[in-house]
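Contents: one structure, followed by commentary.
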Amino acid sequence: MTDTIERRVDTVVDELLATHPPATTSDQELWGAQYDLGVAWVWHPEGFGGLGLPRKYQNQVNRRLTDAGASVLNRYQNLLGVGMGAGVLAAHGTDDQKRRWLRPMFTMEDMWCQMFSEPGAGSDVAGLATSAVRDGEEWVVNGQKAWTTLAHVAKWGLLIARTDPSAVKHEGLTYFVIDMNSEGVDVRPLYQITGEAEFNEVFFNDARVPDENRIDAVGAGWRVALTTLMNERVAIGGNTVPRGSGRISEAIDIWRESGEDDPVLRDELVHLWAEVEAARLTAIRANEMADAGIPGPEGSTGKLAWASHNKEIASFILDMMGLDGTLYPGGYELVRPTSFDQRTPQASFLRTRANSIEGGTSEIMLNILAERVLGLPSEPRTDKGLPWNEVPRG
Amino acid sequence: MAEVTYAPTEDLDLIRSTTRQFLEEKADLGVVRRVMMTDDGHDRGLWSGFSEMGWTGLLVPEDYGGAGLGYLELSVVLDEMGRLVTPGPFFASAVVATTAMIELGSSDQQERWLPAMASGEKVATLGVFEKARDWGLEHLRTSAVEEAGVWKLSGTKRYVLDGHVADLLFVVAKVGDGLGVFVVEADSPGLTVSQVPVLDPTRRQAVVELDNVVAAARLQGGSSGLARVLRLGSVALACEQVGGAQRVLESTVAYARTRHQFGRPIGSFQAVKHRCAEMLMKVEHAKSVAYHAARVTDDLDELDIASPLAASVSSEAYLWAAGESIQIHGGIGFTWEHEAHLYLKRAKSASLLLGDPRFHRSLLAEALSL
């Protein structure tokens with residue numbers, strides 16, 4: 001059975017590579033053909049970039065394409081679309097919406113962003129205040145979003161807005177796709193502690209969204225949003241990588257280059273290496289157990305471990321650098337980062353502070369582990385059952 | 001690096017369920033408390049039960065009356081024993097000393113001693129350490145001298161696990177600039193074995209004094225063979241630690257769910273639930289490194305990494321979990337009556353027995369050329 005599917009996937013990839021040799025085909029053209037042949041997201045239905053197969057076969061496709069020299073960068077460069085938005089559209093969109101948005105998303109003709117967080121709604125994102133008020137066949141949006149990746153280049157934005165302030169907070173939300181070039185949408189860079197602006201603030205001032213851009217029912221926004229949030233957490237920290245790769249390899253390189261011999265530093269370095277390796281083996285174990293049909297708690301710890309290790313290692317690297325750790329080569333410049341360039345260790349030290357905040361704070365992740373995996377009771381909530389507009393905010 | 005597969009097989013599941021059933025019936029915490037208060041901490045009835053279950057001969061080749069199984073199977077039995085802080089000389093005899101004989105014994109020596117060790121008739125132990133923090137064996141003083149084809153040993157071995165109940169002592173001694181491992185029968189003239197009080201009363205120790213004691217045999221191999229035995233012992237200990245840590249997690253979470261203060265379960269307070277979640281994470285990490293190590297014991301290069309990795313991570317995880325467990329239990333967790341202290345004592349002791357986490361990290365640094 002499995003072999004048959006593998007062969008079928010191989011045949012499709014063979015056809016794609018034969019008709020669109022990566023060496024002579026533009027990325028965009030190749031991605032279009034990949035979508036049309038159903039190997040963009042193999043688990044999507046046929047006609048929407050998929051073949052209705054189990055999700056794991058996408059790895060086979062990506063591996064083969066990479067081996068053949070084809071680019072799979074759209075998965076990263078248009079992450080909010082290809083990695084997250086596509087899942088939302090596939091699960092909750094109408095066929096018209098899928099037809100309209102999925103293909104240009106995959107080919108990167110249209111970039112996407114996701115607008116959930118707000119200055120007043122971080123961990124408690126369901127408490128968000130951006131409003132959408134119905135006006136005939138359109139919705140009028142007002143409010144402010146924060147920490148929006150790629151909003152400045154995005155054509156489309158995934159937006160959750162409050163459509164019923166008198167409902168309980170989770171129930172008054174609706175999910176939209178908004179044209180980021182609309183009148184009344186203002187995107188401004190949000191400069192972070194490194195001086196870079198990876199993210200944006202987005203201001204809505206009577207911006208209009210046609211009702212046909214609404215995803216799923218009015219009031220179903222939270223349920224739709226959970227699809228993206230879950231995908232986001234799987235996307236961070238869940239992958240398995242070679243031993244000693246990633247940030248710990250930077251620490252080891254710096255240790256070796258420095259010729260340092262301090263036993264205390266060495267112990268700390270090996271300590272970090274061991275913790276990272278334990279987390280890496282845990283990710284492997286989680287995948288193997290899931291494949292064997294025995295999913296366990298080991299799969300839920302990846303993001304937490306990744307965040308704390310990243311922070312500890314980045315800080316330790318500056319310790320190894322000693323007084324050089326007090327320098328900041330290049331200085332602080334308020335800029336848009338141009339690419340995923342290698343940051344200096346000092347900039348990495350700063351950037352990693354966000355790792356335990358973005359994509360779910362570590363405190364929220366610990367709540368989830370404790371409540372969903374260990375079955376501990378949730379904290380009593382003062383906002384439970386209250387209409388959103390009666391919940392204290394600030 | 002060897003292929004790692006974590007998914008348990010039917011055989012391993014069966015070993016786990018029969019082990020758990022036996023221990024819960026015959027060696028629950030009530031039994032553990034009784035045995036730990038006895039003079040020698042060794043219950044012969046329980047020991048013969050272990051023998052009937054085939055555990056004392058688990059690692060021993062079938063030719064010598066054992067089950068001929070490996071560390072993977074052993075890891076499951078130890079995991080279960082760790083859950084219930086099983087008392088007695090199982091780790092000393094059926095794990096460490098048996099591993100030493102299998103790794104270092106000639107076929108004649110194995111034929112002579114392994115059958116009695118496999119059946120449980122003879123308890124054996126490895127006497128290796130002398131100075132408190134000399135896990136690297138750089139300052140051993142016990143020495144062996146050959147006289148007319150006979151090896152004679154003199155010196156003092158300390159921290160010898162279950163030495164007071166051992167019939168056979170495998171003694172590490174200096175031979176010139178190198179090391180040798182010698183078999184000493186417990187009734188040899190010139191041998192004095194004295195039990196000493198220990199932090200973890202479920203795992204006893206003795207001081208072994210040797211005054212020109214005639215060895216029954218010298219095992220093969222020197223420092224590197226011995227190092228391998230200790231690497232393997234550390235893997236076994238890590239698997240036992242993981243079982244204890246998992247049990248600590250379960251009992252702590254169960255308590256946090258039911259104990260009420262301020263009108264609600266204490267596990268609903270984030271100060272408590274976050275610690276439980278961190279405990280889960282550390283225990284899962286410890287399982288990953290210990291299970292990994294138990295699966296690569298035949299791969300010498302990988303074992304040099306996997307063993308100290310497992311030892312350092314599991315030791316820290318278990319000790320942290322056992323300590324936090326007492327904190328979350330509050331006053332009741334500090335009582336003699338409650339089980340929490342059994343695990344704290346086992347955790348702290350185990351984290352020192354074959355090297356503290358820093359020592360294991362120094363081995364890891366060496367293996368990684370750092």
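Going through the structure tokens in order, the chains are called A, B, and so on, while each chain numbers its residues from 1 and the ligands are numbered from 1 in the order shown.
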
Legend entry - Which of region 21-186 of chain A fall in helix (DSSP H, G or I), as number ranges by chain: A: 27-36, 57-67, 74-77, 79-92, 95-106, 125-127, 169-171

Inset, instruction - Tell me which protein, DNA and RNA residues are within 7 Å of region 53-64 of chain A, counting only C-alpha atoms, leaving out same-chain ones fewer than 3 positions away, and put them as a PyMOL selection string. - result: chain A and resi 13+39+41-43+67-68+72

Convert the current residue selection to file output with C-alpha atoms, as a compact mmCIF listing (two decimals), in the first residue's frame.
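Once everything was written out, this is result09.txt:
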```txt
# COMPACT_ATOMS: atom_id res chain seq x y z
CA VAL A 13 7.63 14.06 -9.53
CA VAL A 39 2.50 17.89 -5.37
CA TRP A 41 0.65 20.12 -0.71
CA VAL A 42 0.06 16.40 -1.38
CA TRP A 43 -2.56 16.18 1.38
CA ASP A 67 18.01 16.54 -5.01
CA ALA A 68 17.09 17.53 -8.56
CA VAL A 72 11.63 24.68 -2.33
```

Inset, instruction - Dump as a ChimeraX atom specification the residues of chain B that approach chain A to within 8 Å, counting only C-alpha atoms. - result: /B:5-7,253,256-257,265,267-270,273-274,276-278,281,284-286,288-289,292,309,313,358,361-362,364-365,370

Using the selection just defined, write its residues with N, CA and C atoms as a PDB file, in the first residue's frame.
```pdb
ATOM      1  N   THR B   5      16.294   3.112  16.837  1.00  0.00           N
ATOM      2  CA  THR B   5      14.843   2.991  16.724  1.00  0.00           C
ATOM      3  C   THR B   5      14.277   2.871  18.121  1.00  0.00           C
ATOM      4  N   TYR B   6      13.409   3.799  18.449  1.00  0.00           N
ATOM      5  CA  TYR B   6      12.903   3.871  19.811  1.00  0.00           C
ATOM      6  C   TYR B   6      11.647   3.028  20.014  1.00  0.00           C
ATOM      7  N   ALA B   7      10.919   2.782  18.929  1.00  0.00           N
ATOM      8  CA  ALA B   7       9.630   2.119  19.106  1.00  0.00           C
ATOM      9  C   ALA B   7       9.843   0.744  19.743  1.00  0.00           C
ATOM     10  N   VAL B 253       2.477  14.736  39.931  1.00  0.00           N
ATOM     11  CA  VAL B 253       1.333  15.259  39.177  1.00  0.00           C
ATOM     12  C   VAL B 253       0.028  14.784  39.819  1.00  0.00           C
ATOM     13  N   ALA B 256      -0.556  16.946  42.787  1.00  0.00           N
ATOM     14  CA  ALA B 256      -0.919  18.319  42.405  1.00  0.00           C
ATOM     15  C   ALA B 256      -2.357  18.396  41.894  1.00  0.00           C
ATOM     16  N   ARG B 257      -2.854  17.293  41.377  1.00  0.00           N
ATOM     17  CA  ARG B 257      -4.241  17.269  40.893  1.00  0.00           C
ATOM     18  C   ARG B 257      -5.234  17.184  42.040  1.00  0.00           C
ATOM     19  N   PRO B 265      -7.244  22.911  43.386  1.00  0.00           N
ATOM     20  CA  PRO B 265      -6.091  21.999  43.320  1.00  0.00           C
ATOM     21  C   PRO B 265      -4.807  22.803  43.139  1.00  0.00           C
ATOM     22  N   GLY B 267      -2.276  22.092  41.602  1.00  0.00           N
ATOM     23  CA  GLY B 267      -1.805  21.970  40.220  1.00  0.00           C
ATOM     24  C   GLY B 267      -2.438  22.982  39.283  1.00  0.00           C
ATOM     25  N   SER B 268      -3.437  23.751  39.768  1.00  0.00           N
ATOM     26  CA  SER B 268      -3.997  24.806  38.916  1.00  0.00           C
ATOM     27  C   SER B 268      -3.191  26.097  39.047  1.00  0.00           C
ATOM     28  N   PHE B 269      -2.347  26.195  40.070  1.00  0.00           N
ATOM     29  CA  PHE B 269      -1.461  27.360  40.187  1.00  0.00           C
ATOM     30  C   PHE B 269      -0.286  27.203  39.223  1.00  0.00           C
ATOM     31  N   GLN B 270      -0.004  28.268  38.492  1.00  0.00           N
ATOM     32  CA  GLN B 270       1.067  28.145  37.504  1.00  0.00           C
ATOM     33  C   GLN B 270       2.425  27.880  38.152  1.00  0.00           C
ATOM     34  N   LYS B 273       2.141  24.151  38.369  1.00  0.00           N
ATOM     35  CA  LYS B 273       1.965  23.401  37.111  1.00  0.00           C
ATOM     36  C   LYS B 273       3.134  23.594  36.169  1.00  0.00           C
ATOM     37  N   HIS B 274       3.747  24.773  36.198  1.00  0.00           N
ATOM     38  CA  HIS B 274       4.902  24.971  35.324  1.00  0.00           C
ATOM     39  C   HIS B 274       6.056  24.065  35.734  1.00  0.00           C
ATOM     40  N   CYS B 276       5.715  21.182  37.135  1.00  0.00           N
ATOM     41  CA  CYS B 276       5.348  19.829  36.693  1.00  0.00           C
ATOM     42  C   CYS B 276       5.650  19.670  35.195  1.00  0.00           C
ATOM     43  N   ALA B 277       5.358  20.702  34.418  1.00  0.00           N
ATOM     44  CA  ALA B 277       5.603  20.623  32.975  1.00  0.00           C
ATOM     45  C   ALA B 277       7.101  20.561  32.689  1.00  0.00           C
ATOM     46  N   GLU B 278       7.883  21.331  33.474  1.00  0.00           N
ATOM     47  CA  GLU B 278       9.338  21.268  33.295  1.00  0.00           C
ATOM     48  C   GLU B 278       9.866  19.883  33.671  1.00  0.00           C
ATOM     49  N   MET B 281       9.318  17.630  30.838  1.00  0.00           N
ATOM     50  CA  MET B 281      10.279  17.856  29.761  1.00  0.00           C
ATOM     51  C   MET B 281      11.626  17.212  30.094  1.00  0.00           C
ATOM     52  N   GLU B 284      11.375  13.435  29.855  1.00  0.00           N
ATOM     53  CA  GLU B 284      11.339  12.974  28.463  1.00  0.00           C
ATOM     54  C   GLU B 284      12.731  13.042  27.831  1.00  0.00           C
ATOM     55  N   HIS B 285      13.466  14.107  28.144  1.00  0.00           N
ATOM     56  CA  HIS B 285      14.829  14.213  27.621  1.00  0.00           C
ATOM     57  C   HIS B 285      15.700  13.087  28.169  1.00  0.00           C
ATOM     58  N   ALA B 286      15.540  12.800  29.465  1.00  0.00           N
ATOM     59  CA  ALA B 286      16.339  11.737  30.082  1.00  0.00           C
ATOM     60  C   ALA B 286      16.020  10.391  29.438  1.00  0.00           C
ATOM     61  N   SER B 288      15.061   9.885  26.428  1.00  0.00           N
ATOM     62  CA  SER B 288      15.623   9.844  25.076  1.00  0.00           C
ATOM     63  C   SER B 288      17.099   9.475  25.096  1.00  0.00           C
ATOM     64  N   VAL B 289      17.866  10.067  26.028  1.00  0.00           N
ATOM     65  CA  VAL B 289      19.302   9.778  26.041  1.00  0.00           C
ATOM     66  C   VAL B 289      19.577   8.382  26.603  1.00  0.00           C
ATOM     67  N   HIS B 292      18.456   5.762  24.076  1.00  0.00           N
ATOM     68  CA  HIS B 292      19.410   5.792  22.964  1.00  0.00           C
ATOM     69  C   HIS B 292      20.667   5.012  23.335  1.00  0.00           C
ATOM     70  N   LEU B 309      26.625  11.029  27.928  1.00  0.00           N
ATOM     71  CA  LEU B 309      25.452  11.870  27.661  1.00  0.00           C
ATOM     72  C   LEU B 309      24.286  11.396  28.522  1.00  0.00           C
ATOM     73  N   VAL B 313      22.778  13.629  31.720  1.00  0.00           N
ATOM     74  CA  VAL B 313      21.421  14.176  31.566  1.00  0.00           C
ATOM     75  C   VAL B 313      20.441  13.473  32.510  1.00  0.00           C
ATOM     76  N   ARG B 358      29.432  16.294  36.127  1.00  0.00           N
ATOM     77  CA  ARG B 358      30.606  17.013  35.594  1.00  0.00           C
ATOM     78  C   ARG B 358      31.646  16.026  35.066  1.00  0.00           C
ATOM     79  N   ARG B 361      30.494  14.721  31.866  1.00  0.00           N
ATOM     80  CA  ARG B 361      30.663  15.729  30.812  1.00  0.00           C
ATOM     81  C   ARG B 361      32.128  15.849  30.397  1.00  0.00           C
ATOM     82  N   SER B 362      33.047  15.575  31.320  1.00  0.00           N
ATOM     83  CA  SER B 362      34.461  15.612  30.908  1.00  0.00           C
ATOM     84  C   SER B 362      34.756  14.451  29.955  1.00  0.00           C
ATOM     85  N   LEU B 364      32.519  13.235  27.964  1.00  0.00           N
ATOM     86  CA  LEU B 364      31.845  13.650  26.737  1.00  0.00           C
ATOM     87  C   LEU B 364      32.714  14.641  25.965  1.00  0.00           C
ATOM     88  N   ALA B 365      33.313  15.576  26.694  1.00  0.00           N
ATOM     89  CA  ALA B 365      34.189  16.562  26.055  1.00  0.00           C
ATOM     90  C   ALA B 365      35.325  15.855  25.315  1.00  0.00           C
ATOM     91  N   LEU B 370      36.532  18.260  22.505  1.00  0.00           N
ATOM     92  CA  LEU B 370      36.333  19.674  22.859  1.00  0.00           C
ATOM     93  C   LEU B 370      37.345  20.099  23.918  1.00  0.00           C
TER      94      LEU B 370
END
```

Legend entry - Close residues, region 51-68 of chain B itself excluded, 12 Å, only C-alpha atoms, min 5 positions apart in chain, as a ChimeraX atom specification: /B:15,18-23,26,44-46,73-78,81,88-103,107-124,232,236

Inset, instruction - Name the residues of region 6-235 of chain A that come out as strand (DSSP E) in a backbone DSSP run; write them as a ChimeraX atom specification. - result: /A:112-115,131-135,138-149,156-162,173-179,185-190,199-210,214-215

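If you measure from each of A:Trp101, A:His44, A:Asn389, A:Leu16 to Leu65 (chain A) using only C-alpha atoms, the closest one turns out to be A:Leu16.
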
Legend entry - Separation of CA of Ala215 (chain B) from CA of Leu191 (chain B) in Å: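 Calculated distance between CA of Leu191 (chain B) and CA of Ala215 (chain B) is 10.6 Å.
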
Inset, instruction - Record the distance separating CA of Ala121 (chain A) and CA of Leu159 (chain A), expressed in Å with one decimal. - result: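 Atom-to-atom, CA of Ala121 (chain A) and CA of Leu159 (chain A) are spaced 13.8 Å apart.
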
Legend entry - Distance query region 177-186 of chain A at most 7 Å, only C-alpha atoms, self and fewer than 6 positions along chain excluded, as a VMD selection string: chain A and resid 154 to 159 202 to 207 209 213 to 214

Inset, instruction - Go through A:His170, A:Arg75, A:Lys303, A:Arg134 one by one, measure the shortest atom-to-atom distance of each to Met105 (chain A) using only C-alpha atoms, and give the residue with the smallest value. - result: A:Arg75

Write out as a PDB file with C-alpha atoms, in the first residue's frame each polymer residue whose atoms come within 7 Å of Gly221 (chain A), counting only C-alpha atoms; drop sequence neighbours fewer than 4 positions from it.
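See out-v6.pdb below for the written result:
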```
ATOM      1  CA  ILE A 160      -8.874  37.964  12.718  1.00  0.00           C
ATOM      2  CA  LEU A 173     -14.270  36.642  16.182  1.00  0.00           C
ATOM      3  CA  THR A 174     -14.318  36.250  12.406  1.00  0.00           C
ATOM      4  CA  TYR A 175     -11.515  35.327  10.014  1.00  0.00           C
ATOM      5  CA  ALA A 225      -7.250  30.597  13.891  1.00  0.00           C
TER       6      ALA A 225
END
```

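When the distance limit is 8 Å and only C-alpha atoms are what count, the residues near Thr86 (chain B), minus those fewer than 3 positions from it on the same chain, are Ala27, Val32, Met81, Gly82, Arg83 and Thr202 of chain B.
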
The selected residues should be written to file as a compact mmCIF listing (two decimals), in the first residue's frame (atoms: C-alpha atoms).
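The resulting result.txt:
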```
# COMPACT_ATOMS: atom_id res chain seq x y z
CA ALA B 27 8.58 -5.68 45.95
CA VAL B 32 11.32 -1.79 49.99
CA MET B 81 13.31 -1.41 39.17
CA GLY B 82 14.07 2.29 39.26
CA ARG B 83 10.35 3.04 39.52
CA THR B 202 18.27 0.69 49.32
```
